[in-house]
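Chemist: What follows is the file model08.txt, containing compact mmCIF, C-alpha atoms:
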```txt
# COMPACT_ATOMS: atom_id res chain seq x y z
CA MET A 1 69.56 136.76 34.71
CA SER A 2 70.85 134.51 37.44
CA ALA A 3 72.68 134.93 40.71
CA VAL A 4 75.54 132.89 42.05
CA LYS A 5 76.33 132.95 45.77
CA ASP A 6 79.44 131.49 47.23
CA ASN A 7 80.28 131.61 50.91
CA ASP A 8 83.45 129.57 50.57
CA ALA A 9 86.08 131.10 52.85
CA SER A 10 88.71 130.53 50.17
CA LEU A 11 87.07 133.17 48.01
CA SER A 12 87.48 135.90 50.66
CA PRO A 13 90.18 136.86 53.12
CA ILE A 14 87.46 137.22 55.73
CA SER A 15 85.81 133.90 56.51
CA SER A 16 82.49 135.39 57.54
CA ALA A 17 82.08 137.34 54.29
CA GLY A 18 80.00 136.21 51.32
CA ILE A 19 79.91 137.20 47.63
CA SER A 20 76.73 137.66 45.51
CA LEU A 21 77.42 137.72 41.77
CA ASP A 22 74.62 138.82 39.41
CA ILE A 23 74.98 137.57 35.83
CA GLU A 24 72.99 138.89 32.89
CA ASP A 25 73.34 137.51 29.33
CA GLY A 26 76.30 135.46 30.47
CA ARG A 27 78.14 138.49 31.77
CA PRO A 28 78.74 139.61 35.38
CA LYS A 29 76.52 142.58 36.15
CA SER A 30 77.30 143.31 39.80
CA VAL A 31 79.13 141.93 42.78
CA THR A 32 77.77 142.33 46.31
CA LEU A 33 79.75 141.64 49.48
CA THR A 34 77.69 140.35 52.36
CA GLY A 35 78.69 139.79 55.99
CA PHE A 36 81.73 142.07 55.60
CA ASP A 37 82.45 144.63 58.36
CA PRO A 38 85.34 147.00 57.76
CA PRO A 39 87.93 147.00 60.58
CA ALA A 40 87.37 149.61 63.29
CA LYS A 41 89.56 152.68 62.96
CA LYS A 42 92.44 152.64 65.44
CA LYS A 43 92.39 155.48 67.93
CA ASN A 44 95.50 157.61 68.42
CA CYS A 45 97.43 156.56 71.51
CA LEU A 46 98.26 159.49 73.78
CA CYS A 47 101.26 157.98 75.54
CA CYS A 48 104.67 159.64 75.10
CA ARG A 49 106.03 156.76 73.04
CA CYS A 50 103.17 156.70 70.50
CA LEU A 51 102.35 160.40 70.34
CA ILE A 52 105.98 161.46 69.87
CA PRO A 53 108.11 158.50 68.69
CA PRO A 54 111.45 157.90 70.46
CA CYS A 55 113.34 158.88 67.31
CA HIS A 56 111.87 162.39 67.58
CA TRP A 57 113.02 162.72 71.20
CA VAL A 58 116.48 161.51 70.17
CA ALA A 59 116.52 164.05 67.33
CA PHE A 60 115.66 166.83 69.78
CA LEU A 61 118.44 165.77 72.18
CA LEU A 62 120.90 165.68 69.28
CA TRP A 63 119.80 169.18 68.26
CA TRP A 64 120.22 170.36 71.87
CA GLY A 65 123.74 168.90 72.01
CA LEU A 66 124.71 170.44 68.66
CA MET A 67 123.30 173.82 69.73
CA THR A 68 125.30 173.67 72.98
CA ALA A 69 128.51 172.81 71.12
CA LEU A 70 128.01 175.66 68.63
CA LEU A 71 127.33 178.18 71.40
CA ASN A 72 130.51 177.12 73.21
CA LEU A 73 132.52 177.47 70.01
CA LEU A 74 130.99 180.73 68.81
CA CYS A 75 130.17 182.63 72.02
CA GLU A 76 132.04 183.82 75.08
CA ALA A 77 133.66 181.42 77.54
CA ASN A 78 135.42 181.69 80.88
CA PRO A 79 139.12 180.91 81.47
CA VAL A 80 138.55 177.38 82.83
CA SER A 81 136.50 176.32 79.81
CA PRO A 82 138.25 174.10 77.22
CA PHE A 83 136.69 176.40 74.61
CA TRP A 84 138.43 179.48 76.07
CA PRO A 85 141.34 179.55 73.54
CA ILE A 86 139.10 179.10 70.47
CA ALA A 87 135.78 180.75 71.38
CA LEU A 88 134.88 183.52 68.92
CA SER A 89 133.05 185.67 71.51
CA LEU A 90 130.00 186.36 69.35
CA ASN A 91 126.82 187.71 70.90
CA THR A 92 125.09 184.85 72.71
CA TYR A 93 121.48 185.80 72.04
CA GLY A 94 122.10 186.71 68.41
CA THR A 95 123.89 183.40 67.86
CA PHE A 96 121.13 181.43 69.55
CA SER A 97 118.51 183.20 67.43
CA CYS A 98 120.46 182.33 64.26
CA ILE A 99 120.62 178.66 65.33
CA VAL A 100 116.85 178.57 65.89
CA LEU A 101 116.16 180.26 62.55
CA PHE A 102 118.51 177.85 60.75
CA THR A 103 116.69 174.93 62.40
CA LEU A 104 113.35 176.26 61.14
CA LEU A 105 114.85 176.65 57.66
CA LEU A 106 115.98 173.02 57.66
CA PHE A 107 112.51 171.95 58.77
CA CYS A 108 110.95 173.91 55.89
CA VAL A 109 113.33 172.23 53.44
CA TYR A 110 112.34 168.83 54.86
CA LYS A 111 108.64 169.69 54.39
CA ARG A 112 109.10 171.50 51.08
CA GLU A 113 106.73 169.26 49.05
CA ARG A 114 103.83 169.90 51.38
CA LEU A 115 104.65 173.61 51.60
CA ASN A 116 104.77 173.87 47.79
CA ALA A 117 101.41 172.11 47.50
CA PHE A 118 99.94 174.52 50.04
CA ARG A 119 101.42 177.53 48.26
CA GLU A 120 99.93 176.38 44.93
CA ASN A 121 96.53 175.73 46.55
CA ARG A 122 96.73 172.02 45.71
CA SER A 123 96.22 170.87 49.29
CA ALA A 124 95.78 172.11 52.85
CA LEU A 125 98.86 172.56 55.00
CA MET A 126 97.50 169.85 57.26
CA SER A 127 94.20 168.09 57.74
CA ALA A 128 91.97 168.75 60.73
CA GLU A 129 92.99 165.39 62.13
CA GLU A 130 96.69 166.20 61.71
CA ALA A 131 96.19 169.59 63.34
CA LYS A 132 94.59 167.98 66.40
CA LEU A 133 97.39 165.42 66.62
CA ASN A 134 100.09 168.09 66.33
CA LEU A 135 98.43 170.14 69.05
CA LYS A 136 98.54 167.09 71.30
CA LYS A 137 102.24 166.63 70.48
CA ALA A 138 102.96 170.28 71.28
CA GLY A 139 101.06 169.97 74.55
CA LEU A 140 103.02 166.87 75.55
CA PHE A 141 106.32 168.57 74.69
CA LEU A 142 105.41 171.62 76.80
CA VAL A 143 104.44 169.40 79.73
CA VAL A 144 107.82 167.63 79.57
CA TYR A 145 109.60 170.99 79.17
CA PHE A 146 107.98 172.54 82.25
CA LEU A 147 108.47 169.39 84.30
CA LEU A 148 112.19 169.72 83.54
CA THR A 149 112.10 173.45 84.28
CA LEU A 150 111.05 173.03 87.92
CA PRO A 151 114.13 171.07 89.13
CA LEU A 152 116.42 173.13 86.88
CA HIS A 153 115.00 176.33 88.32
CA PHE A 154 115.73 175.19 91.86
CA PHE A 155 119.17 173.91 90.78
CA SER A 156 120.00 177.33 89.29
CA LYS A 157 118.83 178.97 92.52
CA THR A 158 121.16 176.69 94.46
CA MET A 159 124.11 177.51 92.19
CA ILE A 160 123.53 181.28 92.27
CA TYR A 161 122.50 181.41 95.94
CA PRO A 162 124.17 178.36 97.56
CA GLY A 163 123.35 179.61 101.04
CA ILE A 164 119.80 178.30 100.63
CA ALA A 165 121.08 174.71 100.53
CA PHE A 166 124.40 174.75 102.40
CA LYS A 167 125.50 176.18 105.73
CA LEU A 168 128.04 178.80 104.74
CA TRP A 169 128.74 180.50 108.03
CA ALA A 170 131.96 179.28 109.55
CA GLU A 171 130.40 179.80 112.96
CA THR A 172 127.59 181.67 114.64
CA ALA A 173 128.30 185.39 114.69
CA PRO A 174 130.14 186.05 117.98
CA ASP A 175 128.55 188.29 120.56
CA GLU A 176 131.63 190.36 121.40
CA PRO A 177 130.81 193.94 120.34
CA ASP A 178 134.12 195.41 121.46
CA LEU A 179 135.97 193.16 119.02
CA TYR A 180 133.57 192.17 116.27
CA GLY A 181 130.96 194.92 116.21
CA GLN A 182 127.30 194.14 116.66
CA ALA A 183 124.19 192.67 115.05
CA PHE A 184 121.19 194.75 114.02
CA THR A 185 117.87 194.38 112.23
CA PHE A 186 116.19 196.55 109.61
CA LYS A 187 112.74 196.44 108.05
CA SER A 188 112.51 195.51 104.37
CA SER A 189 110.02 197.29 102.13
CA PHE A 190 109.48 194.00 100.30
CA ASP A 191 107.28 192.44 102.99
CA ASP A 192 107.96 194.49 106.18
CA LYS A 193 110.05 191.66 107.62
CA GLU A 194 112.88 192.42 110.04
CA LEU A 195 116.10 191.19 108.40
CA HIS A 196 119.37 190.62 110.26
CA GLY A 197 122.63 192.35 109.50
CA TYR A 198 125.98 193.03 111.11
CA HIS A 199 128.36 195.95 111.35
CA THR A 200 131.79 196.62 112.78
CA PHE A 201 134.12 199.58 113.20
CA ARG A 202 137.50 199.20 111.56
CA SER A 203 140.49 201.27 110.64
CA VAL A 204 142.89 200.50 107.83
CA SER A 205 145.42 198.89 110.16
CA ALA A 206 143.39 197.25 112.94
CA PHE A 207 140.09 196.52 114.62
CA THR A 208 138.57 199.46 116.42
CA PRO A 209 136.31 199.51 119.48
CA THR A 210 132.59 199.58 118.82
CA ASN A 211 132.31 203.19 119.94
CA PRO A 212 135.42 205.04 118.76
CA SER A 213 136.31 208.05 120.83
CA GLY A 214 138.79 210.89 120.74
CA GLY A 215 137.22 212.84 117.87
CA VAL A 216 138.02 210.19 115.24
CA GLU A 217 136.04 210.67 112.03
CA VAL A 218 133.78 207.68 111.33
CA LEU A 219 132.66 207.02 107.75
CA PRO A 220 129.82 204.69 106.62
CA VAL A 221 130.60 201.76 104.33
CA ILE A 222 128.25 199.16 102.88
CA MET A 223 129.57 195.79 101.74
CA PHE A 224 127.45 193.61 99.43
CA GLY A 225 129.07 190.20 99.61
CA GLY A 226 129.26 187.30 97.19
CA ASN A 227 127.01 184.27 97.16
CA GLY A 228 129.28 182.41 99.57
CA GLY A 229 129.35 185.08 102.27
CA SER A 230 127.23 186.06 105.24
CA GLY A 231 126.37 189.24 107.07
CA TRP A 232 129.01 189.06 109.74
CA GLU A 233 131.78 187.67 107.51
CA ASN A 234 131.33 190.34 104.82
CA VAL A 235 132.09 193.20 107.20
CA PHE A 236 135.72 192.06 107.38
CA THR A 237 136.28 192.67 103.66
CA ASP A 238 137.87 196.08 104.05
CA VAL A 239 140.88 195.87 101.76
CA TRP A 240 139.60 198.70 99.54
CA LEU A 241 139.46 201.24 102.39
CA ARG A 242 142.70 203.17 102.14
CA ASP A 243 142.65 206.27 104.37
CA ASP A 244 144.37 205.32 107.65
CA THR A 245 143.29 208.55 109.35
CA LYS A 246 139.64 207.45 109.36
CA VAL A 247 137.55 204.79 111.08
CA TYR A 248 135.03 202.95 108.92
CA ASP A 249 131.68 201.66 110.10
CA ILE A 250 131.15 198.68 107.78
CA TYR A 251 127.61 197.33 107.30
CA SER A 252 126.45 194.15 105.62
CA PHE A 253 123.48 191.77 105.74
CA SER A 254 122.72 188.21 104.73
CA TYR A 255 120.54 187.72 101.67
CA ARG A 256 117.21 185.94 102.09
CA GLY A 257 117.67 182.20 102.38
CA TYR A 258 121.05 182.72 104.08
CA GLU A 259 121.48 182.40 107.82
CA PRO A 260 120.12 184.06 109.89
CA ASN A 261 117.61 185.27 107.27
CA ASP A 262 116.86 181.75 106.07
CA SER A 263 113.28 181.85 107.34
CA PHE A 264 112.18 184.58 104.91
CA GLY A 265 111.84 182.50 101.76
CA LEU A 266 114.09 181.91 98.75
CA PRO A 267 116.23 184.76 97.42
CA SER A 268 115.44 186.39 94.10
CA GLU A 269 116.58 189.48 92.26
CA LYS A 270 113.33 191.23 93.19
CA ASN A 271 113.39 190.64 96.94
CA ILE A 272 117.17 191.11 97.30
CA LEU A 273 116.95 194.53 95.63
CA ALA A 274 113.99 195.60 97.77
CA ASP A 275 115.90 194.44 100.87
CA SER A 276 119.05 196.27 99.73
CA TYR A 277 117.28 199.56 99.09
CA SER A 278 115.79 199.41 102.59
CA PHE A 279 119.18 198.43 103.99
CA PHE A 280 120.84 201.42 102.30
CA GLU A 281 118.21 203.78 103.71
CA PHE A 282 118.73 202.25 107.17
CA VAL A 283 122.46 203.03 107.08
CA GLN A 284 121.85 206.41 105.46
CA ALA A 285 119.59 207.44 108.35
CA LYS A 286 122.46 206.78 110.78
CA TYR A 287 124.87 208.99 108.81
CA PRO A 288 122.80 211.88 107.42
CA ASP A 289 125.88 214.08 106.96
CA ASN A 290 127.81 211.55 104.90
CA ARG A 291 127.62 209.88 101.55
CA ILE A 292 128.02 206.12 101.73
CA ILE A 293 130.95 204.16 100.31
CA VAL A 294 129.51 201.16 98.44
CA THR A 295 131.77 198.10 98.06
CA SER A 296 130.96 194.68 96.64
CA HIS A 297 132.24 191.40 95.30
CA SER A 298 130.89 188.78 92.87
CA LEU A 299 127.10 188.40 93.29
CA GLY A 300 127.14 191.55 95.41
CA THR A 301 128.28 193.60 92.41
CA GLY A 302 124.87 193.04 90.85
CA VAL A 303 123.29 194.43 94.02
CA ALA A 304 125.76 197.33 94.22
CA SER A 305 125.16 198.25 90.56
CA ALA A 306 121.41 198.38 91.18
CA VAL A 307 121.78 200.36 94.41
CA SER A 308 124.18 202.82 92.75
CA SER A 309 121.72 203.44 89.93
CA HIS A 310 118.71 203.64 92.27
CA PHE A 311 120.21 206.30 94.57
CA SER A 312 121.77 209.59 93.53
CA SER A 313 125.26 211.04 93.67
CA ASP A 314 124.17 212.94 96.79
CA ASP A 315 123.74 209.59 98.56
CA ILE A 316 126.80 207.65 97.35
CA ALA A 317 130.44 208.64 97.77
CA CYS A 318 131.82 206.01 95.40
CA THR A 319 131.22 202.45 94.25
CA VAL A 320 133.70 199.56 94.06
CA LEU A 321 132.78 196.46 92.02
CA GLY A 322 135.00 193.46 92.64
CA MET A 323 134.84 191.00 89.72
CA PRO A 324 131.38 192.09 88.48
CA PHE A 325 129.28 190.27 85.88
CA SER A 326 127.55 192.01 82.98
CA THR A 327 124.37 189.94 83.41
CA MET A 328 123.76 186.92 85.61
CA SER A 329 122.01 185.12 82.76
CA GLN A 330 125.11 185.36 80.54
CA CYS A 331 127.47 184.47 83.37
CA SER A 332 125.47 181.39 84.36
CA GLN A 333 125.32 180.20 80.75
CA GLU A 334 129.10 180.37 80.49
CA VAL A 335 129.64 178.49 83.75
CA ALA A 336 127.15 175.79 82.65
CA TYR A 337 128.64 175.61 79.11
CA TYR A 338 125.36 176.91 77.61
CA THR A 339 123.56 173.65 78.44
CA PRO A 340 120.52 175.40 80.01
CA MET A 341 120.15 177.91 77.15
CA ILE A 342 116.57 176.87 76.38
CA PHE A 343 115.73 177.45 80.05
CA LEU A 344 117.27 180.93 80.11
CA TRP A 345 114.11 182.59 81.42
CA ALA A 346 114.34 180.56 84.66
CA VAL A 347 117.52 182.41 85.77
CA ASP A 348 117.47 185.82 87.49
CA ALA A 349 118.71 188.35 84.94
CA TRP A 350 120.66 190.88 87.07
CA PRO A 351 121.38 193.29 84.14
CA SER A 352 124.37 195.07 85.67
CA THR A 353 125.60 196.72 82.46
CA SER A 354 122.34 198.61 81.98
CA ARG A 355 122.38 199.63 85.64
CA VAL A 356 125.89 201.12 85.67
CA ALA A 357 124.85 202.98 82.52
CA GLU A 358 122.10 204.62 84.61
CA MET A 359 124.36 205.73 87.48
CA ASP A 360 124.98 209.41 88.09
CA SER A 361 128.09 210.36 86.17
CA SER A 362 129.64 212.08 89.22
CA ILE A 363 129.82 208.84 91.26
CA PRO A 364 133.41 207.47 91.04
CA LEU A 365 133.46 203.83 89.97
CA ALA A 366 136.25 201.25 90.41
CA ILE A 367 136.08 197.88 88.61
CA LEU A 368 138.34 194.95 89.56
CA SER A 369 139.01 192.23 86.98
CA ALA A 370 140.82 188.88 87.41
CA GLY A 371 142.37 187.23 84.36
CA GLN A 372 142.01 183.68 85.73
CA ASP A 373 138.53 184.08 87.17
CA GLU A 374 136.89 180.67 87.06
CA LEU A 375 133.36 182.06 87.57
CA ILE A 376 133.12 185.51 86.00
CA ALA A 377 135.33 185.93 82.93
CA PRO A 378 137.22 189.22 82.35
CA HIS A 379 135.05 190.21 79.35
CA HIS A 380 132.21 190.89 81.80
CA GLN A 381 134.25 193.61 83.48
CA VAL A 382 135.22 195.09 80.10
CA LYS A 383 131.53 195.37 79.24
CA MET A 384 130.89 197.04 82.59
CA GLU A 385 133.64 199.58 81.97
CA ASN A 386 132.33 200.35 78.47
CA ALA A 387 128.75 200.77 79.71
CA ALA A 388 129.54 202.87 82.81
CA ALA A 389 128.13 206.39 82.87
CA SER A 390 130.64 207.56 85.50
CA ASP A 391 133.17 210.15 84.37
CA ASN A 392 135.71 208.75 86.86
CA VAL A 393 136.17 205.04 86.14
CA LEU A 394 139.20 203.08 87.34
CA PHE A 395 139.73 199.63 85.79
CA LEU A 396 142.17 197.32 87.61
CA TYR A 397 143.18 194.08 85.89
CA ASP A 398 145.49 191.32 87.08
CA PRO A 399 146.03 188.59 84.45
CA ASP A 400 147.04 186.03 87.09
CA ALA A 401 144.35 186.63 89.72
CA SER A 402 141.45 184.26 90.43
CA HIS A 403 137.88 185.06 91.45
CA ASN A 404 138.47 185.59 95.17
CA ALA A 405 141.85 187.31 94.85
CA ILE A 406 140.56 190.77 95.71
CA SER A 407 143.76 191.96 97.39
CA GLN A 408 145.97 190.62 94.59
CA THR A 409 143.92 192.44 91.95
CA LEU A 410 143.79 195.64 93.97
CA TYR A 411 147.51 195.66 94.64
CA SER A 412 148.33 195.04 90.99
CA ASP A 413 147.98 198.81 90.60
CA ILE A 414 147.57 200.11 94.12
CA ALA A 415 149.14 203.47 93.28
CA ASN A 416 146.36 204.36 90.84
CA TYR A 417 143.73 202.98 93.19
CA ASP A 418 144.99 205.25 95.98
CA LYS A 419 144.85 208.21 93.59
CA TRP A 420 141.29 207.31 92.57
CA TYR A 421 140.30 206.80 96.22
CA ASN A 422 141.77 210.07 97.43
CA GLY A 423 140.73 212.23 94.47
CA GLU A 424 144.01 212.48 92.58
CA TYR A 425 143.08 210.32 89.56
CA ASN A 426 142.40 212.12 86.26
CA GLY A 427 141.72 215.32 88.17
CA LYS A 428 138.32 214.00 89.30
CA PRO A 429 136.91 213.96 92.86
CA GLY A 430 137.45 210.66 94.64
CA CYS A 431 135.82 208.83 97.52
CA MET A 432 137.38 210.93 100.25
CA ASP A 433 136.48 214.14 98.43
CA ARG A 434 132.83 213.16 98.32
CA VAL A 435 132.19 211.21 101.52
CA ASN A 436 131.20 214.31 103.53
CA LYS A 437 128.21 216.27 102.30
```
Would you kindly transcribe this structure into structure tokens?
Modeler:
Amino acid sequence: MSAVKDNDASLSPISSAGISLDIEDGRPKSVTLTGFDPPAKKKNCLCCRCLIPPCHWVAFLLWWGLMTALLNLLCEANPVSPFWPIALSLNTYGTFSCIVLFTLLLFCVYKRERLNAFRENRSALMSAEEAKLNLKKAGLFLVVYFLLTLPLHFFSKTMIYPGIAFKLWAETAPDEPDLYGQAFTFKSSFDDKELHGYHTFRSVSAFTPTNPSGGVEVLPVIMFGGNGGSGWENVFTDVWLRDDTKVYDIYSFSYRGYEPNDSFGLPSEKNILADSYSFFEFVQAKYPDNRIIVTSHSLGTGVASAVSSHFSSDDIACTVLGMPFSTMSQCSQEVAYYTPMIFLWAVDAWPSTSRVAEMDSSIPLAILSAGQDELIAPHHQVKMENAAASDNVLFLYDPDASHNAISQTLYSDIANYDKWYNGEYNGKPGCMDRVNK
């Protein structure tokens, strides 16, 4: 037996390695490698580029774009959307769920070989090392997702409640009580803060002095304005008050984040509703012998729906919803062309359909709908009408009206509105029948 050693670099791809060859009876018996160190195992890089390759991010963005296009084609749209003539008006959340399930099905088809091997007990679904790597990928994706959520959440707040970012008051509320009424404050049950509101006395035909005299009957009205209004501007929205023998004391307040309540934090569904319940009780205490007429427009219809379901028919004379939305989440998705669908949870829900379904059936309800509404499409008002528990519902629709065309929509069928208001519609009691207890 003999041994042959050769350290010639040409015999090995690694110059520092050597080969020991043992020969017995003229035949090789064994080969030993000396001076050979296997390369160190490369550690997984945790940067975004290496952990999740760019092609995967591109694939996700393509999926997001395809999902958005399908939702616009299959679900509801508003009149200004290019998808309005062809949208199939399917249920948004059902459609989105089907898209997610179909995506998972495609992923399973792509990984079918590994899934079959796992099902037949030929191999594990993934190794321990793969599991750790996939957990790191999921963690990175969630970090990116939530980093995107923060600015989108504030952006959605700004779109729904623009008063937090822009000065919406045309001017400071004037201090002329004999002409404009007067300011007041009320304490909110949300945090015991004193919020500012405004009220004015008005008749159907003209302004009225702050303290009407001569035995004129004064009736309480609450106006919940849209997201572009303010406390003192909202009190001048009195087009739906139709009895010219009465004087109306119209109350409104600015939502949190809006002047002059901009020092009380950002608005949300939770704090606006707590403020509104306290506001209603404040007005109610001033008129214990009356039921309150509740009027609203746009964003305020979500507040009015909640207030009308929270209080009883012994507290509310009637409720008017001007261009209401079924839910804020659905409405905002339509306006944004379903782009923020995967961030749906970041938007205040405002489930108005479920709230009108919980109203006392004896509270008369009027719903205004504009056919060319660029913000809240007419199908929202149809859903509200179908869900309403009231046994005296008036639905007014003008196919040519836009979002802010309250008077135009109201006067499209003013005769029936007057009947509903005065208790002559469908033989049911109206606002004026119920306003006095």
Chemist: For A:Pro399, work out the shell of residues within 9 Å, counting all atoms listed in the file and skipping chain neighbours fewer than 3 positions away, then give it as a PDB file with C-alpha atoms, keeping the file's coordinate frame.
Modeler:
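Wrote part-v3.pdb, looks like this:
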```
ATOM      1  CA  SER A 369     139.010 192.230  86.980  1.00  0.00           C
ATOM      2  CA  ALA A 370     140.820 188.880  87.410  1.00  0.00           C
ATOM      3  CA  GLY A 371     142.370 187.230  84.360  1.00  0.00           C
ATOM      4  CA  GLN A 372     142.010 183.680  85.730  1.00  0.00           C
ATOM      5  CA  SER A 402     141.450 184.260  90.430  1.00  0.00           C
ATOM      6  CA  THR A 409     143.920 192.440  91.950  1.00  0.00           C
TER       7      THR A 409
END
```
Chemist: To one decimal in Å, tell me the separation between atom CA of A:Gly197 and atom CA of A:Gly231.
Modeler: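 Computing it gives 5.4 Å between the two atoms.
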Chemist: Choose the residue, out of A:Met67, A:Ile250, A:Ile52, A:Val335, that has the smallest atom-to-atom separation from A:Leu135; count all atoms listed in the file.
Modeler: A:Ile52
Chemist: Taking 5 positions as the minimum chain separation for residues in the same chain, which residues sit within 12 Å of A:Phe282 when counting all atoms listed in the file? Answer as a list in words.
Modeler: Phe184, Thr185, Phe186, Lys187, Ser188, Ser189, Glu194, Leu195, Gly197, Pro220, Ile222, Tyr251, Ser252, Phe253, Asp275, Ser276, Tyr277, Tyr287, Pro288 and Ile292 of chain A
Chemist: Quick one: residues within 6 Å of A:Ser305, only C-alpha atoms, excluding same-chain residues fewer than 2 positions away - as a list of chain:residue names?
Modeler: A:Thr301, A:Gly302, A:Val303, A:Val307, A:Ser308, A:Ser352, A:Arg355, A:Val356
